[in-house]
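Working notes for the structure below.
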Amino acid sequence: MKKIFLAVAILLVVVMSLTACDETTLQTSGGTREDTKAQARVADELALNQKTPTDIDYSLERYNLIRRAYWVNGRREKANSLPCPVEKPLGYIVLFAGNATVGRFVVDGKVSSLNSFLTPSAVDSPYGSASGGYTTLTTETADVDGSYGQNDNGIFFFTSQGNYIEYTGQYLYSDIPFEIGDAVVTYKAG
C-alpha cells in the first residue's frame, strides 16, 4: 500500500512539472506579467495627467504629530497653545465597539494615524566594505521621544475642548454633523 501511495505521489509531481507554465504565462498576484506591466504604464500615465500637488505649504498631519509629541510627553500646556497658521477644520466622529456607540466628539483639526511619524522609522546609509565596494546599512531611528518600535494600529485626535483621544476601534468621521442613535446590544442567554 505504501509503495502504491509513493508511486502516485511521484507520478503527480512529474505530471505537474511537465505541465508547468513557461515564463510568459507565469501568473503574478496582479495577473500575467504583461498585465502587470500594462497596469504600471496606466498608473504612470495617470500620475502624469494628475500631478501630486506641490503648493501645500503647511501640513495639518505634521501639526497633529507635533502637538501629540508634546501632549504625550507631559507638555500639555505647550500642546494646547501650539499655533496653527491655517484654519483647522472641525470634524465630527463617532467611536464604535461592535454595535455599541462608545463616544461622540467634535474634532479640532483632523484625525491622524497613530502610525504617522515626523521622521522616517529607518534610514539607509551607504558605507564602504573591506573589499572596496559599498553596501547599504538600514538603521532604525528613534521617535521624537527617544523610543523605538511601532504604535498601536489606530487613530488619535484632539477635541474642540483641547482633550487628546486615541482609539483603536471602528469609527465614523465626517466634516458635517450627524446623529447616530444609541445602538442596542443584544445577546442570547446560554
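Scheme for the C-alpha cells: letters A, B, ... for chains in order shown; per-chain residue numbers from 1; ligand numbers from 1 in order shown.
Residues surrounding segment 105-114 of chain A within 7 Å are Glu61, Lys88, Pro89, Leu90, Gly91, Tyr92, Ile93, Val94, Asn151, Asp152, Asn153, Gly154, Ile155, Phe156, Phe157, Phe158, Thr159 and Ser160 of chain A [only C-alpha atoms; sequence separation below 5 positions excluded].
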Once DSSP has gone over the backbone, tell me which residues of segment 13-169 of chain A are in alpha helix (DSSP H), as a PyMOL selection string.
-> chain A and resi 13-18+33-49+60-72+76-80
Export C-alpha atoms of the chosen residues as a PDB file, in the first residue's frame?
```pdb
ATOM      1  CA  VAL A  13       4.947  15.545  -9.156  1.00  0.00           C
ATOM      2  CA  VAL A  14       6.177  14.510 -12.614  1.00  0.00           C
ATOM      3  CA  VAL A  15       2.877  15.444 -14.300  1.00  0.00           C
ATOM      4  CA  MET A  16       2.783  18.819 -12.554  1.00  0.00           C
ATOM      5  CA  SER A  17       6.396  19.521 -13.558  1.00  0.00           C
ATOM      6  CA  LEU A  18       5.735  18.674 -17.198  1.00  0.00           C
ATOM      7  CA  ARG A  33       3.444  39.829 -16.300  1.00  0.00           C
ATOM      8  CA  GLU A  34       2.148  41.632 -19.385  1.00  0.00           C
ATOM      9  CA  ASP A  35      -0.975  42.691 -17.484  1.00  0.00           C
ATOM     10  CA  THR A  36       1.155  43.936 -14.605  1.00  0.00           C
ATOM     11  CA  LYS A  37       3.407  45.933 -16.949  1.00  0.00           C
ATOM     12  CA  ALA A  38       0.377  47.394 -18.751  1.00  0.00           C
ATOM     13  CA  GLN A  39      -1.167  48.453 -15.452  1.00  0.00           C
ATOM     14  CA  ALA A  40       2.104  50.111 -14.397  1.00  0.00           C
ATOM     15  CA  ARG A  41       2.041  52.106 -17.660  1.00  0.00           C
ATOM     16  CA  VAL A  42      -1.556  53.172 -16.949  1.00  0.00           C
ATOM     17  CA  ALA A  43      -0.599  54.256 -13.415  1.00  0.00           C
ATOM     18  CA  ASP A  44       2.360  56.260 -14.791  1.00  0.00           C
ATOM     19  CA  GLU A  45       0.079  57.971 -17.324  1.00  0.00           C
ATOM     20  CA  LEU A  46      -2.466  58.855 -14.624  1.00  0.00           C
ATOM     21  CA  ALA A  47       0.302  60.275 -12.420  1.00  0.00           C
ATOM     22  CA  LEU A  48       1.487  62.425 -15.343  1.00  0.00           C
ATOM     23  CA  ASN A  49      -2.057  63.678 -16.033  1.00  0.00           C
ATOM     24  CA  LEU A  60      -2.175  69.530   9.479  1.00  0.00           C
ATOM     25  CA  GLU A  61      -0.908  65.937   9.867  1.00  0.00           C
ATOM     26  CA  ARG A  62       2.524  67.193  10.980  1.00  0.00           C
ATOM     27  CA  TYR A  63       0.819  69.771  13.215  1.00  0.00           C
ATOM     28  CA  ASN A  64      -1.127  66.944  14.918  1.00  0.00           C
ATOM     29  CA  LEU A  65       2.034  64.872  15.307  1.00  0.00           C
ATOM     30  CA  ILE A  66       3.941  67.758  16.906  1.00  0.00           C
ATOM     31  CA  ARG A  67       1.016  68.554  19.181  1.00  0.00           C
ATOM     32  CA  ARG A  68       0.747  64.857  20.165  1.00  0.00           C
ATOM     33  CA  ALA A  69       4.500  64.660  20.877  1.00  0.00           C
ATOM     34  CA  TYR A  70       4.161  67.476  23.398  1.00  0.00           C
ATOM     35  CA  TRP A  71       0.927  66.090  24.861  1.00  0.00           C
ATOM     36  CA  VAL A  72       2.059  62.504  25.498  1.00  0.00           C
ATOM     37  CA  ARG A  76       0.050  69.582  27.610  1.00  0.00           C
ATOM     38  CA  GLU A  77       0.104  73.346  28.009  1.00  0.00           C
ATOM     39  CA  LYS A  78       2.521  73.658  25.096  1.00  0.00           C
ATOM     40  CA  ALA A  79       0.416  71.204  23.051  1.00  0.00           C
ATOM     41  CA  ASN A  80      -2.725  73.256  23.591  1.00  0.00           C
TER      42      ASN A  80
END
```
Picked from segment 33-106 of chain A by DSSP as strand (DSSP E), as a ChimeraX atom specification | /A:90-97,100-106
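Our summary of the geometry notes that atom CA of Phe117 of chain A is positioned 12.5 Å from atom CA of Ser59 of chain A.
If you look at atom CA of Ile56 of chain A and atom CA of Asp175 of chain A, they are 20.2 Å away from each other.
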In terms of the shortest atom-to-atom distance over only C-alpha atoms, which of A:Tyr164, A:Tyr173, A:Tyr127, A:Tyr58 is closest to Phe96 of chain A?
-> A:Tyr173
Non-local contacts of Thr136 of chain A (10 Å; only C-alpha atoms; under 2 positions in same chain excluded) as a list of chain:residue names | A:Val123, A:Asp124, A:Ser125, A:Pro126, A:Tyr127, A:Gly128, A:Ser129, A:Tyr134, A:Thr138, A:Thr139
Using only C-alpha atoms, which residues sit within 12 Å of Glu140 of chain A once same-chain residues fewer than 3 positions away are excluded, as a short mmCIF file (atom, residue, chain, number, x, y, z; two decimals) with N, CA and C atoms, in the first residue's frame?
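File produced: part-v1.cif:
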```cif
data_model
loop_
_atom_site.label_atom_id
_atom_site.label_comp_id
_atom_site.auth_asym_id
_atom_site.auth_seq_id
_atom_site.Cartn_x
_atom_site.Cartn_y
_atom_site.Cartn_z
N THR A 119 9.48 61.70 11.47
CA THR A 119 10.74 61.30 10.85
C THR A 119 10.62 59.86 10.36
N PRO A 120 11.47 59.46 9.43
CA PRO A 120 11.40 58.07 8.95
C PRO A 120 11.76 57.09 10.07
N SER A 121 11.19 55.89 10.00
CA SER A 121 11.48 54.89 11.02
C SER A 121 12.80 54.19 10.77
N ALA A 122 13.33 54.31 9.56
CA ALA A 122 14.62 53.70 9.24
C ALA A 122 15.33 54.58 8.24
N VAL A 123 16.65 54.59 8.32
CA VAL A 123 17.47 55.38 7.42
C VAL A 123 18.46 54.45 6.75
N ASP A 124 18.54 54.53 5.42
CA ASP A 124 19.52 53.76 4.67
C ASP A 124 20.75 54.63 4.46
N SER A 125 21.90 54.08 4.79
CA SER A 125 23.14 54.83 4.56
C SER A 125 24.19 53.90 3.97
N LEU A 137 23.39 50.09 4.77
CA LEU A 137 23.05 49.69 6.13
C LEU A 137 21.75 50.42 6.50
N ASP A 143 11.98 57.70 17.66
CA ASP A 143 10.91 58.69 17.51
C ASP A 143 11.31 59.93 18.30
N GLY A 146 12.48 59.56 21.81
CA GLY A 146 13.62 58.69 22.06
C GLY A 146 13.29 57.21 22.07
N SER A 147 12.05 56.84 21.77
CA SER A 147 11.65 55.44 21.79
C SER A 147 11.71 54.83 20.39
N TYR A 148 11.77 53.51 20.37
CA TYR A 148 11.80 52.75 19.12
C TYR A 148 10.58 51.85 19.06
N GLY A 149 10.26 51.35 17.88
CA GLY A 149 9.18 50.38 17.74
C GLY A 149 7.99 50.94 17.01
N GLN A 150 6.87 50.26 17.16
CA GLN A 150 5.64 50.64 16.47
C GLN A 150 4.58 51.07 17.47
#
```
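The space between atom CA of Tyr167 of chain A and atom CA of Gly181 of chain A spans 20.2 Å.
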